[in-house]
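S.K.: Can you keep this structure in mind? I'll have questions shortly.
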Amino acid sequence: VGSGAAIAFAPARRGPQVGVMDDPSRTFASPRWPSSVLVFRRFASLDIHEWGHLLPASERRTAFAVLECHARSPRLAAVPKDLILRHVLPYVLDGGADDRAGAAERFERLLETEAVLGAQAEAARRAHGSLASPWWTRYRRAVVDSLHGLAEKCDLDLSVAHHAVRLIDLLWLLPNARDDALRWVARTMREHAAYLCVAALRASARLHRAPVPDDGAFARHVPDLFSKQCQNSDWRTCERYIDLHLGWRVLCVTPLHCLQHFIALKPLYARAAAEAEGPRDFHRDAPVTPDKFDRLYLYVQKWCAFFCSLCLQHHKFSAIQPSLLASAILHVARLNLKLSPPWRPELEAMTHHSEDAIQPTASEILQLYHDEFPQFGRP
């Protein structure tokens, strides 16, 4: 796309309607996270000391045992360590370990991943700046809307679409995992925009153990969602580039991953009138009782999905720590539902973020909502 040229993209949603991808029964009832074991099988020999701690605890123990045997056995020690990493460990580790990990362990690994990538992004900004260009600043929302539309047409989960957007953001933000001389320049990124979206969706679906649509499913919809100038290359070239550029960093965390964890812990507090103890929320100044819980809990999920997708469209939110943004979204969802208090000690313990920490971001989300949907007024 040349300067001044626009991208054809699916129109942004208007109003707080929840579409198929935003259905809480799909988004929150069966949450998905990128599988670190699958990533290990693809990138085992690359920087394992940098990210091996992000494997599930059971698989870290297995990996440690195998590497101990390699170090102590004279015959095994004759085998180069990179061959053990590449050709033995991937087949010893259990691919289902990510799913069996407890919620607390999984969230701790999400936070660790967030911290590692945050430090890398900050170091990259200090050393090189980002690859962001005026084109990306101007057209990111159009690309995100088109990617979202492509995911919806291919019946992919919302978690896959949000993760795919994060992958593309990181291509602009982080240096190449192997050799930064291999990094695509802004013009190349622009020319490959459509099929970078396809490749990111395919990679994300695979990492989330979701069905990967066939080539034809994507090919049918790309011309409708992206301008012809953004249809250069093909998804295989772009998928190889994502692998080379990001490596294990495809394990990146999104706010939606964090929200899935929060929603599973039911961030709404009801108490029967006869109960004298325990936390209790109020809805429009009336106590939340067990008979009201299910309905309000569903609306918490719907508003979290809505605000998460709204923030996804705007570049300024992509630089915010995912768990902090997720916490701010939960705060705004509760505020929008007239739940009080909007934040409480139980939520701070759950999210690891205080109300003071999330308040500036929550205010930005509320301002954005008011600006884009003035017909709904302020909560």
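Please note that chains go A, B, ... in the order of the structure tokens, that every chain numbers its residues from 1, and that ligands are numbered from 1 in the order shown.
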Can you list, as a PyMOL selection string, every protein, DNA or RNA residue that comes within 9 Å of A:Ser309 when you count only C-alpha atoms, leaving out same-chain residues fewer than 4 positions away?

M.R.: chain A and resi 22+158+162+256+304-305+313

S.K.: Run DSSP on the backbone and tell me which residues of stretch 167-362 of chain A come out as alpha helix (DSSP H); list them as a PyMOL selection string.

M.R.: chain A and resi 167-173+186-191+193-207+215-225+235-246+255-264+290-312+322-336+345-351+355-362

S.K.: Report as a PyMOL selection string all protein, DNA and RNA residues lying within 12 Å of A:Gly247, evaluated on only C-alpha atoms, omitting residues in the same chain fewer than 4 positions from it.

M.R.: chain A and resi 36+38-48+50-51+167+170-171+174-179+203+239-243+251-252

S.K.: Pull the closest atom pair for each residue of stretch 269-316 of chain A that gets at most 9 Å from stretch 323-347 of chain A, along with the distance in Å to one decimal, counting only C-alpha atoms, ordering rows by chain and then ascending residue number, as a tab-separated table.

M.R.:
```
residue	atom	partner	partner_atom	distance
A:Pro279	CA	A:Glu346	CA	8.4
A:Asp281	CA	A:Ser340	CA	5.8
A:Phe282	CA	A:Ser340	CA	5.1
A:His283	CA	A:Leu339	CA	4.7
A:Arg284	CA	A:Lys338	CA	5.5
A:Asp285	CA	A:Ser340	CA	7.5
A:Val288	CA	A:Leu339	CA	8.9
A:Leu296	CA	A:Leu337	CA	8.2
A:Tyr299	CA	A:Leu337	CA	7.7
A:Val300	CA	A:Ala333	CA	6.0
A:Gln301	CA	A:Ala333	CA	8.3
A:Lys302	CA	A:Ala333	CA	8.6
A:Trp303	CA	A:Ala333	CA	5.3
A:Cys304	CA	A:Ala333	CA	5.7
A:Ala305	CA	A:Ile329	CA	8.9
A:Phe306	CA	A:Ala333	CA	8.9
A:Phe307	CA	A:Ile329	CA	6.2
A:Cys308	CA	A:Ile329	CA	6.7
A:Cys311	CA	A:Leu325	CA	8.8
```

S.K.: Which residue out of A:His353, A:Arg32, A:His70, A:His53 has the minimum interatomic distance to A:Leu83 when only C-alpha atoms are used?

M.R.: A:His70

S.K.: Between A:Pro31, A:Pro56, A:Gly149, A:Gly278, which one has atoms that come closest to A:Glu108, using only C-alpha atoms?

M.R.: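 Residue with the minimum atom-to-atom distance to A:Glu108: A:Pro56.
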
S.K.: Which residues, written as an mmCIF file with N, CA, C and O atoms, in the first residue's frame, have at least one atom at most 7 Å from A:Val160, with only C-alpha atoms counted and residues fewer than 4 positions away on the same chain left out?

M.R.:
```cif
data_model
loop_
_atom_site.group_PDB
_atom_site.id
_atom_site.type_symbol
_atom_site.label_atom_id
_atom_site.label_comp_id
_atom_site.auth_asym_id
_atom_site.auth_seq_id
_atom_site.Cartn_x
_atom_site.Cartn_y
_atom_site.Cartn_z
ATOM 1 N N LEU A 156 -12.553 -19.375 13.731
ATOM 2 C CA LEU A 156 -11.492 -19.538 14.717
ATOM 3 C C LEU A 156 -11.881 -18.851 16.024
ATOM 4 O O LEU A 156 -12.628 -17.870 16.028
ATOM 5 N N ALA A 164 -2.903 -13.961 17.389
ATOM 6 C CA ALA A 164 -2.326 -13.694 16.065
ATOM 7 C C ALA A 164 -1.978 -12.211 15.919
ATOM 8 O O ALA A 164 -0.932 -11.850 15.361
ATOM 9 N N LEU A 201 -2.484 -16.378 11.988
ATOM 10 C CA LEU A 201 -3.660 -17.141 12.409
ATOM 11 C C LEU A 201 -3.382 -18.643 12.376
ATOM 12 O O LEU A 201 -3.786 -19.386 13.281
ATOM 13 N N SER A 204 -1.030 -19.446 15.308
ATOM 14 C CA SER A 204 -1.724 -19.338 16.589
ATOM 15 C C SER A 204 -2.712 -20.473 16.790
ATOM 16 O O SER A 204 -2.815 -21.032 17.892
ATOM 17 N N ALA A 205 -3.447 -20.828 15.745
ATOM 18 C CA ALA A 205 -4.390 -21.950 15.863
ATOM 19 C C ALA A 205 -3.648 -23.228 16.241
ATOM 20 O O ALA A 205 -4.087 -23.996 17.108
ATOM 21 N N HIS A 208 -2.577 -23.154 19.866
ATOM 22 C CA HIS A 208 -3.702 -23.270 20.789
ATOM 23 C C HIS A 208 -4.418 -24.608 20.646
ATOM 24 O O HIS A 208 -5.484 -24.801 21.234
#
```

S.K.: Please return, as a PyMOL selection string, all residues of stretch 271-322 of chain A that DSSP assigns to strand (DSSP E) on the basis of the backbone.

M.R.: chain A and resi 282-283+286-287
